[in-house]
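Engineer: I'd like to ask some things about the structure below.
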Amino acid sequence: MTTIREAFETMAWGPAPESAAAAQAWLDKHSSVLGHFINGAWCAPADGARLATVNPANGVEIAQVAQGSAQDVDAAVAAARAAQPGWWALGGHVRARWLYALAREVQRNSRLFAVVESLDNGKPIRESRDIDIPLVARHFYHHAGWAQLMDTELPGYGPVGVVGQIIPWNFPLLMLAWKIAPALAMGNTVVMKPAEFTPLTALVFAECCANVGLPAGVVNVVTGDGKTGAALVDHADVDKIAFTGSTEVGRIIRVATAGSGKKLSLELGGKSPFLVFDDADLDSVVEGVVDAIWFNQGQVCCAGSRILAQESIAPRLVEKIRARMETLRIGDPLDKAVDIGAIIAPVQLEKIRGLVQQGIAEGATCWQPSWSVPKEGYFFPPTLFTDVTPTATVAQVEIFGPVVVLMTFRTPAEAVELANNTRYGLAASVWSENLNTALDIAPQLKAGTVWVNCTNMFDAASGFGGYRESGFGREGGKEGLWEYVRSVRPAAREASAGVRVAPATGTPAAAPQLAEASAARAAASAPSIDRTPKLYIGGKQVRPDSGYSLPVLDAAGTRVAEVGHGNRKDIRNAVEAAHKAAEGWTKATAHARAQIIYYLAENLAVRESEFAARLCALCACAPGFAEREVRTSVQRAFSYAAWADKYDGRVHATPYRNVTLAMNEPIGVLGLVAPTEAPLLGFLSLVLPSVAMGNTVVAVPSERWPLLATDLYQVLDTSDVPGGVINIVTGPRKDLAPVLAAHDDVDGIWFYGPRVEAAAVEKLSAGNMKRTHVAWDAVDWLDPHHGEGEEFLREATQVKNIWVPYGA
Ligand code: NAI
Ligand code: MG
């Protein structure tokens with residue numbers, strides 16, 4: 001028996017358990033056996049297979065759920081397909097009302113959701129009740145608004161169709177909301193596959209859909225493990241896959257969907273840096289560390305798991321963190337006074353233990369609190385590593401548990417280097433009382449979210465997603481909507497208008513008599529066979545490594561020139577040159593980039609007739625057509641010069657005392673494989689938006705008509721384009737595209753060519769999870785609705801959200 005005096009002195013808190021009665025009642029109603037939710041109704045798994053879900057706090061089974069088979073997935077996709085046209089046809093306002101109704105229903109059931117979430121996942125009720133579930137409701141409200149505004153804010157866009165969504169176990173209902181809300185708002189229907197460890201709140205949500213009377217088939221939930229997920233990924237009638245989970249599975253999905261035409265967004269792992277400068281408020285920093293790595297037991301994709309502390313304050317910070325670790329409370333997730341709950345499953349617990357052992361074995365110092373964790377259930381104590389080298393396993397691998405490493409730095413430059421020394425790029429925090437320091441560092445960090453003097457802040461109005469191997473695509477904010485729409489442009493004009501669509505093999509597409517006519521004109525205007533253009537790397541014309549060249553034929557089949565036969569080595573050199581140039585080009589102002597592109601347009605315009613003659617000589621095209629292609633190229637350069645300083649970001653209205661700056665940043669080094677057709681305009685239509693946004697590029701021109709690109713060398717030289725910003729490697733597309741796609745220092749690849757080759761490009765891109773943009777249908781490059789615009793700018797950028805709090 002504790003006396004009042006003792007209680008007062010220790011300030012120890014008694015248990016304050018939340019009742020599980022409502023959750024139990026819900027389980028009892030279903031006899032603790034749950035099916036899939038397909039076409040608005042519960043249904044048993046076709047093959048009767050089941051799996052158990054367990055309470056991580058005590059290891060006891062909570063319920064049996066269906067283990068979805070390919071047949072179940074098929075039924076769910078069919079229901080979603082049937083429902084989709086009707087759901088879209090309802091219009092934005094009616095969909096907004098449905099999303100609003102779902103938000104209200106989530107709020108009405110918020111306590112049930114919170115308790116079921118904590119039971120199934122092991123997270124503290126304080127987090128599920130105060131963070132997860134309110135954010136879920138917020139997502140549905142926010143996206144009700146986007147449904148309402150879709151017509152006016154996203155004109156020319158329609159739904160993707162049927163979306164397969166696969167989510168992890170760390171934020172079961174929140175990840176469901178992040179995926180379902182934007183999908184429904186934009187007129188899609190969904191098949192949701194929750195994680196095998198945490199299927200329950202998705203099923204409570206399914207019941208909410210039924211309760212509000214959501215049209216059948218709009219939301220389908222199929223439970224099961226990775227095999228169920230794979231069946232959804234492989235389903236031929238799914239138009240898009242949205243995935244959150246491990247980078248390993250993300251990579252499998254990237255490969256599985258390659259060449260399928262399915263849209264793909266991936267939100268993957270992280271090893272996010274947490275930078276502490278010597279002028280930071282260390283007490284705030286300590287609470288930040290608690291949030292960064294002990295929130296949800298550290299099972300957070302954006303967990304701040306690498307503390308980088310400036311050398312002078314590091315010892316003091318370590319002392320403060322260790323003291324704070326002592327006071328953290330671990331235990332029953334349903335206890336309202338508990339800070340740290342249970343780890344999801346024995347397999348994760350073992351993984352964490354193994355990595356901690358490895359950390360110790362590799363020589364780091366391991367700090368844990370003096371108290372021990374509950375014996376029952378899957379618990380792991382908060383853990384801090386010091387004396388960690390940047391290459392140590394614990395400094396590189398995503399532990400996905402309550403384990404943080406601390407390293408030191410001396411200068412801001414060193415801090416940035418250490419922070420970016422990871423294959424991931426999901427998030428980062430910067431702690432400094434000096435706003436100049438914080439806002440100088442934030443843009444230098446390769447991460448999709450940067451939190452200044454705060455951490456793990458989320459909101460529906462702000463995008464969230466990765467750079468690098470943390471995946472691509474955004475969830476939340478206007479930037480997140482693009483993942484769930486497709487442009488519905490006016491149909492492409494007929495090829496008879498003179499568009500050169502590349503046939504698979506053989507001669508150009510134009511009619512034979514036209515070919516003859518222009519061949520005759522070509523004879524008169526063709527430049528003589530006097531030189532073999534080399535490659536263009538680092539602003540210099542260089543001989544191909546192979547020492548070989550390839551013939552270029554004109555429309556009549558006559559050899560008019562030779563171009564360099566580029567190979568793997570040339571691509572590597574070009575990538576290196578592009579990297580060297582990147583630093584200066586990214587730092588150049590948008591105004592400066594615009595000026596250079598205008599200058600390029602001006603120099604191209606001066607040589608319009610020369611380029612037109614070249615086009616005529618090479619490709620059979622209708623009279624006047626070549627001139628149009630060159631003129632349009634000049635106009636396109638003007639367009640992107642104009643866009644350079646106008647494709648700007650946003651300030652999101654997140655509901656805290658802060659500004660959230662959504663900045664469009666370049667992706668880095670882009671590999672561009674230009675279409676065969678429109679050898680000048682198609683080439684420039686890829687290069688110009690890329691460099692306008694601050695990327696540097698390695699471009700492979702039209703294989704058949706590369707001279708239009710090699711003729712640009714002088715134009716580039718005379719337009720002040722810095723060496724290495726635009727590199728051009730001629731040669732066989734089949735050889736060069738795979739090298740670019742597989743290259744670990746290429747950050748994104750665009751490919752215009754046959755579908756089989758596009759599939760190979762997407763597959764190879766999985767190596768470093770580079771961004772891809774591939775197209776195999778012919779594009780009418782002359783038409784500005786098809787050949788230019790914001791869609792290209794979106795492909796050339798990634799959004800970084802920087803959260804800056806205010807308040808004195
Ligand atoms: P996971 O990536 O295997 O699971 C995520 C989801 O993908 C689950 O719904 C799962 O059923 C599904 N899935 C698994 N294999 C699939 C496949 N071949 N095709 C389609 N869907 C598939 O993650 P897991 O095994 O639960 O955790 C392993 C590690 O992944 C963790 O230790 C952690 O490091 C990381 N992880 C990262 C998350 C993040 O948010 N970044 C979330 C969960 C795990
Ligand atoms: Mg569970």
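Starting from 1 in every chain, residues are counted up; chains themselves are A, B, ... following the order of the structure tokens, and ligands are numbered from 1 as listed.
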Residues within 9 Å of ligand 1 (only C-alpha atoms and all ligand atoms), as a PyMOL selection string?
Structural biologist: chain A and resi 165-171+175+193-198+223-234+243-250+252-253+256+267-270+299-302+347-348+351-352+397-401+426+470
Engineer: Near segment 710-722 of chain A, within 9 Å and counting only C-alpha atoms, which residues show up once chain neighbours fewer than 2 positions away are dropped, as an NGL selection string?
Structural biologist: :A and (533-536 or 538-541 or 563 or 581 or 584-585 or 593 or 596-604 or 607 or 611 or 680 or 701 or 706-708 or 724-726 or 728 or 730)
Engineer: Could you list, as a ChimeraX atom specification, all the residues within 10 Å of ligand 2, counting only C-alpha atoms and all ligand atoms?
Structural biologist: /A:52-57,59-63,116-122,169,195-200,344-345
Engineer: Put those residues in a file: N, CA, C and O atoms, as a compact mmCIF listing (two decimals), in the first residue's frame.
Structural biologist:
# COMPACT_ATOMS: atom_id res chain seq x y z
N ALA A 52 -4.80 -16.26 -38.19
CA ALA A 52 -5.14 -15.68 -36.90
C ALA A 52 -4.48 -14.32 -36.76
O ALA A 52 -3.38 -14.11 -37.28
N THR A 53 -5.13 -13.39 -36.08
CA THR A 53 -4.44 -12.16 -35.71
C THR A 53 -4.35 -12.13 -34.19
O THR A 53 -5.24 -12.58 -33.48
N VAL A 54 -3.22 -11.60 -33.74
CA VAL A 54 -2.80 -11.79 -32.35
C VAL A 54 -2.62 -10.43 -31.69
O VAL A 54 -2.29 -9.45 -32.35
N ASN A 55 -2.83 -10.38 -30.38
CA ASN A 55 -2.54 -9.19 -29.60
C ASN A 55 -1.07 -9.22 -29.17
O ASN A 55 -0.68 -10.06 -28.38
N PRO A 56 -0.26 -8.30 -29.69
CA PRO A 56 1.19 -8.36 -29.41
C PRO A 56 1.52 -8.12 -27.94
O PRO A 56 2.62 -8.45 -27.51
N ALA A 57 0.58 -7.57 -27.18
CA ALA A 57 0.87 -7.28 -25.77
C ALA A 57 0.83 -8.53 -24.92
O ALA A 57 1.35 -8.54 -23.80
N GLY A 59 0.32 -11.96 -26.77
CA GLY A 59 0.49 -13.12 -27.64
C GLY A 59 -0.77 -13.95 -27.82
O GLY A 59 -0.73 -15.03 -28.40
N VAL A 60 -1.89 -13.41 -27.35
CA VAL A 60 -3.14 -14.18 -27.43
C VAL A 60 -3.88 -13.87 -28.75
O VAL A 60 -3.94 -12.71 -29.17
N GLU A 61 -4.42 -14.91 -29.35
CA GLU A 61 -5.19 -14.72 -30.59
C GLU A 61 -6.43 -13.87 -30.33
O GLU A 61 -7.15 -14.09 -29.36
N ILE A 62 -6.68 -12.91 -31.23
CA ILE A 62 -7.86 -12.06 -31.08
C ILE A 62 -8.99 -12.56 -31.97
O ILE A 62 -10.15 -12.58 -31.58
N ALA A 63 -8.65 -12.92 -33.18
CA ALA A 63 -9.70 -13.32 -34.14
C ALA A 63 -9.08 -14.12 -35.28
O ALA A 63 -7.86 -14.11 -35.46
N VAL A 116 -9.52 -1.15 -30.91
CA VAL A 116 -9.21 -2.29 -31.78
C VAL A 116 -7.79 -2.15 -32.35
O VAL A 116 -7.03 -3.11 -32.40
N GLU A 117 -7.43 -0.91 -32.71
CA GLU A 117 -6.08 -0.69 -33.25
C GLU A 117 -5.01 -1.05 -32.24
O GLU A 117 -4.03 -1.72 -32.55
N SER A 118 -5.20 -0.59 -31.00
CA SER A 118 -4.19 -0.87 -29.97
C SER A 118 -4.14 -2.35 -29.63
O SER A 118 -3.07 -2.89 -29.35
N LEU A 119 -5.29 -3.02 -29.64
CA LEU A 119 -5.31 -4.47 -29.37
C LEU A 119 -4.57 -5.24 -30.46
O LEU A 119 -3.79 -6.14 -30.18
N ASP A 120 -4.83 -4.87 -31.70
CA ASP A 120 -4.32 -5.65 -32.82
C ASP A 120 -2.85 -5.33 -33.12
O ASP A 120 -2.09 -6.19 -33.56
N ASN A 121 -2.48 -4.08 -32.86
CA ASN A 121 -1.13 -3.63 -33.23
C ASN A 121 -0.17 -3.50 -32.05
O ASN A 121 1.05 -3.61 -32.23
N GLY A 122 -0.70 -3.27 -30.86
CA GLY A 122 0.17 -3.12 -29.70
C GLY A 122 0.61 -1.69 -29.44
O GLY A 122 1.44 -1.44 -28.57
N TRP A 169 1.59 -2.86 -41.28
CA TRP A 169 0.93 -3.04 -39.99
C TRP A 169 1.22 -1.93 -38.99
O TRP A 169 0.68 -1.93 -37.89
N ALA A 195 -2.42 -5.41 -43.76
CA ALA A 195 -1.32 -6.30 -43.38
C ALA A 195 -1.86 -7.49 -42.58
O ALA A 195 -2.85 -7.37 -41.87
N GLU A 196 -1.17 -8.62 -42.71
CA GLU A 196 -1.64 -9.83 -42.04
C GLU A 196 -1.63 -9.73 -40.52
O GLU A 196 -2.43 -10.36 -39.85
N PHE A 197 -0.73 -8.88 -39.97
CA PHE A 197 -0.67 -8.75 -38.51
C PHE A 197 -1.79 -7.87 -37.96
O PHE A 197 -2.10 -7.93 -36.78
N THR A 198 -2.35 -7.02 -38.80
CA THR A 198 -3.30 -6.00 -38.31
C THR A 198 -4.49 -5.80 -39.25
O THR A 198 -4.69 -4.71 -39.77
N PRO A 199 -5.31 -6.82 -39.47
CA PRO A 199 -6.41 -6.66 -40.42
C PRO A 199 -7.67 -6.04 -39.82
O PRO A 199 -8.58 -5.68 -40.57
N LEU A 200 -7.72 -5.90 -38.48
CA LEU A 200 -9.04 -5.68 -37.88
C LEU A 200 -9.65 -4.31 -38.13
O LEU A 200 -10.84 -4.22 -38.45
N ILE A 344 5.24 -5.53 -32.89
CA ILE A 344 4.14 -6.18 -33.59
C ILE A 344 4.13 -7.71 -33.50
O ILE A 344 3.08 -8.31 -33.36
N ALA A 345 5.29 -8.34 -33.60
CA ALA A 345 5.29 -9.81 -33.69
C ALA A 345 6.67 -10.36 -33.32
O ALA A 345 7.66 -9.63 -33.40
Engineer: Please identify the alpha helix (DSSP H) residues within segment 406-628 of chain A (assignment by DSSP from backbone atoms) and present them as a PyMOL selection string.
Structural biologist: chain A and resi 412-419+435-441+477-481+512-525+568-587+590-606+608-618+625-628
Engineer: Store the residues picked out above, limited to C-alpha atoms, as a PDB file, in the first residue's frame.
Structural biologist:
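Here's the written file result-v8.pdb:
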ATOM      1  CA  PRO A 412      27.101  22.044 -41.316  1.00  0.00           C
ATOM      2  CA  ALA A 413      28.638  20.633 -44.509  1.00  0.00           C
ATOM      3  CA  GLU A 414      29.650  17.495 -42.671  1.00  0.00           C
ATOM      4  CA  ALA A 415      26.154  17.237 -41.181  1.00  0.00           C
ATOM      5  CA  VAL A 416      24.599  17.313 -44.641  1.00  0.00           C
ATOM      6  CA  GLU A 417      27.036  14.741 -45.946  1.00  0.00           C
ATOM      7  CA  LEU A 418      26.343  12.347 -43.077  1.00  0.00           C
ATOM      8  CA  ALA A 419      22.603  12.932 -43.321  1.00  0.00           C
ATOM      9  CA  LEU A 435      16.224  29.882 -38.764  1.00  0.00           C
ATOM     10  CA  ASN A 436      18.978  30.740 -41.246  1.00  0.00           C
ATOM     11  CA  THR A 437      20.802  27.533 -40.392  1.00  0.00           C
ATOM     12  CA  ALA A 438      17.652  25.412 -40.535  1.00  0.00           C
ATOM     13  CA  LEU A 439      16.467  26.823 -43.860  1.00  0.00           C
ATOM     14  CA  ASP A 440      19.939  26.556 -45.343  1.00  0.00           C
ATOM     15  CA  ILE A 441      20.173  22.873 -44.413  1.00  0.00           C
ATOM     16  CA  GLY A 477      -1.920  17.453 -50.393  1.00  0.00           C
ATOM     17  CA  LYS A 478      -2.610  18.344 -53.987  1.00  0.00           C
ATOM     18  CA  GLU A 479       0.600  16.562 -54.950  1.00  0.00           C
ATOM     19  CA  GLY A 480      -0.899  13.291 -53.709  1.00  0.00           C
ATOM     20  CA  LEU A 481      -3.873  13.528 -56.061  1.00  0.00           C
ATOM     21  CA  PRO A 512       5.797   6.367-100.833  1.00  0.00           C
ATOM     22  CA  GLN A 513       5.093   9.275-103.175  1.00  0.00           C
ATOM     23  CA  LEU A 514       5.825  11.690-100.349  1.00  0.00           C
ATOM     24  CA  ALA A 515       9.021   9.836 -99.694  1.00  0.00           C
ATOM     25  CA  GLU A 516      10.077  10.291-103.271  1.00  0.00           C
ATOM     26  CA  ALA A 517       9.199  13.946-103.277  1.00  0.00           C
ATOM     27  CA  SER A 518      11.203  14.726-100.235  1.00  0.00           C
ATOM     28  CA  ALA A 519      14.043  12.509-101.295  1.00  0.00           C
ATOM     29  CA  ALA A 520      14.358  14.751-104.325  1.00  0.00           C
ATOM     30  CA  ARG A 521      14.291  17.856-102.158  1.00  0.00           C
ATOM     31  CA  ALA A 522      16.738  16.193 -99.851  1.00  0.00           C
ATOM     32  CA  ALA A 523      19.198  15.644-102.633  1.00  0.00           C
ATOM     33  CA  ALA A 524      19.235  19.376-103.220  1.00  0.00           C
ATOM     34  CA  SER A 525      19.467  20.464 -99.605  1.00  0.00           C
ATOM     35  CA  ARG A 568      28.208   1.312 -71.554  1.00  0.00           C
ATOM     36  CA  LYS A 569      31.426   3.164 -70.872  1.00  0.00           C
ATOM     37  CA  ASP A 570      30.214   6.290 -72.665  1.00  0.00           C
ATOM     38  CA  ILE A 571      26.995   6.255 -70.647  1.00  0.00           C
ATOM     39  CA  ARG A 572      29.028   5.959 -67.453  1.00  0.00           C
ATOM     40  CA  ASN A 573      31.180   8.912 -68.447  1.00  0.00           C
ATOM     41  CA  ALA A 574      28.109  10.916 -69.335  1.00  0.00           C
ATOM     42  CA  VAL A 575      26.479  10.125 -65.982  1.00  0.00           C
ATOM     43  CA  GLU A 576      29.622  11.249 -64.217  1.00  0.00           C
ATOM     44  CA  ALA A 577      29.659  14.491 -66.191  1.00  0.00           C
ATOM     45  CA  ALA A 578      25.983  15.031 -65.391  1.00  0.00           C
ATOM     46  CA  HIS A 579      26.701  14.575 -61.684  1.00  0.00           C
ATOM     47  CA  LYS A 580      29.555  17.045 -61.800  1.00  0.00           C
ATOM     48  CA  ALA A 581      27.349  19.617 -63.471  1.00  0.00           C
ATOM     49  CA  ALA A 582      24.424  19.003 -61.138  1.00  0.00           C
ATOM     50  CA  GLU A 583      25.714  21.019 -58.233  1.00  0.00           C
ATOM     51  CA  GLY A 584      26.028  24.237 -60.172  1.00  0.00           C
ATOM     52  CA  TRP A 585      22.872  23.709 -62.228  1.00  0.00           C
ATOM     53  CA  THR A 586      20.650  22.981 -59.217  1.00  0.00           C
ATOM     54  CA  LYS A 587      21.992  26.041 -57.473  1.00  0.00           C
ATOM     55  CA  ALA A 590      15.316  29.517 -62.067  1.00  0.00           C
ATOM     56  CA  HIS A 591      15.729  32.866 -63.787  1.00  0.00           C
ATOM     57  CA  ALA A 592      19.241  31.933 -64.902  1.00  0.00           C
ATOM     58  CA  ARG A 593      18.057  28.562 -66.231  1.00  0.00           C
ATOM     59  CA  ALA A 594      15.260  30.314 -68.096  1.00  0.00           C
ATOM     60  CA  GLN A 595      17.698  32.736 -69.681  1.00  0.00           C
ATOM     61  CA  ILE A 596      19.829  29.905 -70.997  1.00  0.00           C
ATOM     62  CA  ILE A 597      16.833  28.078 -72.459  1.00  0.00           C
ATOM     63  CA  TYR A 598      15.631  31.296 -74.154  1.00  0.00           C
ATOM     64  CA  TYR A 599      19.097  31.712 -75.575  1.00  0.00           C
ATOM     65  CA  LEU A 600      18.987  28.130 -76.862  1.00  0.00           C
ATOM     66  CA  ALA A 601      15.638  28.892 -78.519  1.00  0.00           C
ATOM     67  CA  GLU A 602      17.108  31.990 -80.107  1.00  0.00           C
ATOM     68  CA  ASN A 603      20.091  30.107 -81.529  1.00  0.00           C
ATOM     69  CA  LEU A 604      17.888  27.330 -82.813  1.00  0.00           C
ATOM     70  CA  ALA A 605      15.582  29.865 -84.475  1.00  0.00           C
ATOM     71  CA  VAL A 606      18.541  31.335 -86.335  1.00  0.00           C
ATOM     72  CA  GLU A 608      15.582  26.956 -88.490  1.00  0.00           C
ATOM     73  CA  SER A 609      16.000  26.371 -92.213  1.00  0.00           C
ATOM     74  CA  GLU A 610      19.134  24.288 -91.744  1.00  0.00           C
ATOM     75  CA  PHE A 611      17.395  21.998 -89.244  1.00  0.00           C
ATOM     76  CA  ALA A 612      14.311  21.778 -91.461  1.00  0.00           C
ATOM     77  CA  ALA A 613      16.459  20.773 -94.423  1.00  0.00           C
ATOM     78  CA  ARG A 614      18.121  18.135 -92.329  1.00  0.00           C
ATOM     79  CA  LEU A 615      14.750  16.772 -91.249  1.00  0.00           C
ATOM     80  CA  CYS A 616      13.532  16.693 -94.828  1.00  0.00           C
ATOM     81  CA  ALA A 617      16.627  14.933 -95.992  1.00  0.00           C
ATOM     82  CA  LEU A 618      16.372  12.251 -93.383  1.00  0.00           C
ATOM     83  CA  PHE A 625       6.076  19.528 -91.944  1.00  0.00           C
ATOM     84  CA  ALA A 626       9.766  19.750 -91.144  1.00  0.00           C
ATOM     85  CA  GLU A 627       9.477  23.523 -90.796  1.00  0.00           C
ATOM     86  CA  ARG A 628       6.621  23.010 -88.375  1.00  0.00           C
TER      87      ARG A 628
END
Engineer: Show which residues sit within 10 Å of Ala147 of chain A, as a PyMOL selection string. Count only C-alpha atoms, and ignore same-chain residues fewer than 2 positions away.
Structural biologist: chain A and resi 91-99+142-145+149-151+153+181-187
